[in-house]
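Each remark here refers to the structure printed beneath this line.
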There are 2 protein chains.
Amino acid sequence: MNAPAHIKKSAHTANPAEHLALLATDDMKDVNAIILERMQSPVGMIPDLAQHLVEAGGKRLRPLLTIACAHLCGGVETAHQKLAAAVEFIHSATLLHDDVIDESDLRRGQKVANRIWGNSASILVGDFLFARAFNLMVETGSLTALDILSTASSIIAEGEVHQLAALRKVDMPEETYMHVIGAKTAALFAAACEVSPVISDRPDSEKEALRRYGQNLGIAFQLVDDALDYGGFESALGKSVGDDFREGKLTLPVIRAIAKADEDELAFWTKVIADHKQDETDLEKAVSILRRTGSLDATIELARHYSSQARQTLEIFAPSEWRSTLEELSDYVVDRVS
Amino acid sequence: MNAPAHIKKSAHTANPAEHLALLATDDMKDVNAIILERMQSPVGMIPDLAQHLVEAGGKRLRPLLTIACAHLCGGVETAHQKLAAAVEFIHSATLLHDDVIDESDLRRGQKVANRIWGNSASILVGDFLFARAFNLMVETGSLTALDILSTASSIIAEGEVHQLAALRKVDMPEETYMHVIGAKTAALFAAACEVSPVISDRPDSEKEALRRYGQNLGIAFQLVDDALDYGGFESALGKSVGDDFREGKLTLPVIRAIAKADEDELAFWTKVIADHKQDETDLEKAVSILRRTGSLDATIELARHYSSQARQTLEIFAPSEWRSTLEELSDYVVDRVS
């Protein structure tokens with residue numbers, strides 16, 4: 001399956017996420033039309049708020065995965081496009097609720113919706129988008145796709161509650177952290193990929209391979225995000241640096257640093273995370289400990305392991321530009337750090 | 001279809017809601033077992049919080065409707081019980097989110113969950129229960145039931161946003177109010193009833209009749225709730241009196257009073273609702289205006305109209321104890337005022 005000529009020209013200059021978006025231009029036009037249509041409501045606050053979220057845009061990575069996996073499995077049907085839109089709605093609903101919970105100010109460099117319309121509107125429009133996602137899934141007529149995405153949705157919420165319950169605890173085991181990011185982030189990546197072979201009625205081996213591609217990619221993605229929170233540039237990442245630190249959210253870089261901490265450092269982490277007492281210079285101090293102990297590098301290294309797992313799962317598919325771009329994407333989610 | 005002998009004895013002493021619960025004792029045991037099983041999670045905060053909500057209990061009116069309608073349609077299957085549990089989960093998720101939005105202190109006479117576990121936990125556990133509701137629906141294998149309940153869910157959220165957008169507006173038309181309560185409350189009553197004939201594969205006339213029964217019952221129920229907020233006793237209602245007033249939520253009693261207001265009264269309503277400036281004696285003054293202008297009576301009268309509409313829809317069903325109890329229930333949602 002080859003890309004149209006007009007795309008090939010520019011494709012080699014783009015990063016793999018952009019390349020994927022270019023390859024999927026026509027499908028994503030349809031997906032975006034579905035998104036725009038289904039967020040309409042006579043209650044003006046709903047499209048206003050949804051529009052704000054949609055325009056902030058982001059990479060639309062999850063629906064892109066659904067479309068790319070559909071191409072790997074023989075081609076895109078309307079049902080794939082509807083599920084891609086449903087996946088983006090579930091993601092958007094999660095973002096709206098997360099922003100209320102995290103009390104963030106920025107998302108992708110834009111003011112978050114709840115700072116403009118208030119927390120109540122964000123909670124309710126999140127619920128609306130979530131319900132609309134299920135409307136879209138029902139229209140595909142696939143109970144299996146509904147099962148995969150509703151199960152992913154409860155796993156996501158469970159992961160978020162788990163993270164909340166672990167907030168400000170310095171003794172969170174690495175295993176718990178991996179479980180949390182597997183749930184809150186990777187479950188939707190996995191579901192976004194798996195529904196495509198399901199709709200295309202492909203063999204179980206392909207469903208399993210693409211589910212695992214999404215799961216591993218999602219874990220790599222979140223690990224890198226958590227490292228970037230202590231090291232990226234605000235403008236590049238589009239969110240504030242140090243968010244996790246300020247919220248007292250324990251992520252892998254800190255878990256690894258705590259494992260190596262001497263008495264003084266343990267006292268420091270206890271003060272800033274468990275007691276949640278942070279001075280102005282504490283973020284800087286945290287970053288310096290994370291760098292010195294190699295905890296950021298170790299996090300990126302682990303991300304590279306998952307990214308390589310993701311790449312391997314694609315080996316059962318015939319070579320194509322879609323496959324190679326998905327392979328490159330798995331490297332890119334880690335390489336975007338540099 | 002007659003009730004078991006041990007129930008008949010006590011049935012005539014109970015009010016219709018309790019009578020319905022007695023008739024449905026065995027089915028509701030199964031429904032409750034499903035509810036308990038599906039709110040489990042290794043993340044302890046989820047069952048803790050869900051348990052609190054479930055123990056606060058309430059009348060389980062919505063799942064009872066699903067079960068009662070199943071009996072009207074020939075009997076209860078496992079799918080009906082799962083849908084009844086799903087309906088209760090959707091309702092519980094809505095309550096959890098509502099309590100965050102309304103900043104209430106009490107729900108059914110109990111401290112609301114967000115005052116114990118915090119707003120974040122209530123938002124996320126609400127999301128979890130909502131996702132689990134869809135898991136249950138998927139298990140029934142009925143795409144039509146999924147369609148009905150996912151559509152109801154988006155209508156509920158839309159109604160809640162509509163209500164939020166209309167907060168503190170004294171010029172809300174009665175039509176808008178009726179639209180809001182039709183969405184935020186009656187849509188789930190309607191769906192809870194309609195899914196039963198759908199699962200039992202009954203003719204469209206019965207689906208339509210039971211959908212309309214639920215819709216009219218739900219509207220009557222909300223009208224009475226809105227009147228009780230200005231007149232019931234705190235202990236009887238199980239929630240604080242004057243909640244709507246304090247939030248600046250315009251409901252029918254006030255809409256009717258504003259329609260009849262002289263200049264002084266209009267200034268009063270504008271001050272307490274639009275400007276949201278309330279003194280200690282203002283609730284008392286509001287109640288006295290509502291009584292003098294007959295606005296509470298007019299609200300109850302309208303509720304009686306919808307309750308009688310609900311009763312009429314049941315005429316197409318053969319006489320049975322289930323039908324007569326549902327008929328009595330439609331009167332009772334209004335009569336509980338006195």
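The way I read the labels, and the way they are meant: chains A, B, ... in the order of the structure tokens, residue 1 as the first residue of every chain, and ligand 1 as the first ligand shown, with later ones counted on from there.
Near chain B, within 6 Å and counting only C-alpha atoms, the residues of chain A are Val43, Ile101, Ser120, Leu124, Phe128, Ala131, Phe134, Asn135, Ser150, Ser153, Ser154, Ala157 and His162 of chain A.
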Can you spit out the residues from that selection as a PDB file, in the first residue's frame, using C-alpha atoms?
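Okay, part-v5.pdb is ready:
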```
ATOM      1  CA  VAL A  43     -26.395  23.948  24.277  1.00  0.00           C
ATOM      2  CA  ILE A 101      -8.038  17.238  39.037  1.00  0.00           C
ATOM      3  CA  SER A 120     -18.317  22.220  36.407  1.00  0.00           C
ATOM      4  CA  LEU A 124     -20.031  17.785  32.350  1.00  0.00           C
ATOM      5  CA  PHE A 128     -20.975  14.409  27.255  1.00  0.00           C
ATOM      6  CA  ALA A 131     -21.305   9.362  26.091  1.00  0.00           C
ATOM      7  CA  PHE A 134     -20.268   5.315  22.944  1.00  0.00           C
ATOM      8  CA  ASN A 135     -22.912   6.530  20.498  1.00  0.00           C
ATOM      9  CA  SER A 150     -15.424   0.245  27.383  1.00  0.00           C
ATOM     10  CA  SER A 153     -12.237   3.227  29.686  1.00  0.00           C
ATOM     11  CA  SER A 154     -12.725   1.538  33.051  1.00  0.00           C
ATOM     12  CA  ALA A 157     -10.339   5.507  35.315  1.00  0.00           C
ATOM     13  CA  HIS A 162      -4.720   4.488  41.625  1.00  0.00           C
TER      14      HIS A 162
END
```
Margin query: Can you tell me, as number ranges by chain, which residues in range 3-231 of chain B count as alpha helix (DSSP H) by DSSP?
Written below: B: 5-11, 16-23, 25-38, 45-56, 61-72, 78-102, 113-117, 119-140, 143-165, 174-181, 187-199, 204-228
For range 311-322 of chain B, please output as a PyMOL selection string all residues within 12 Å (counting only C-alpha atoms; exclusion window: fewer than 6 positions along the same chain). chain B and resi 1-4+7-8+11-12+16-17+19-24+64-75+193+197+202-217+220+304-305+328-333
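Between CA of Asp275 in chain A and CA of Asp244 in chain A the interatomic distance comes to 14.9 Å.
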Margin query: According to DSSP computed on the backbone, where in range 54-283 of chain B is there strand (DSSP E or B)? Give the residues as a ChimeraX atom specification.
Written below: /B:106-107,110-111
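We find CA of Pro253 in chain A and CA of Ile273 in chain A to be spaced 13.3 Å apart.
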Excluding same-chain residues fewer than 5 positions from Asp171 in chain A, what lies within 10 Å of it counting only C-alpha atoms, as a count of residues only? 7
Shortest contact to Asp243 in chain B, candidates B:Leu283, B:Val54, B:Val112, B:Ile35, atoms counted only C-alpha atoms, goes to B:Leu283
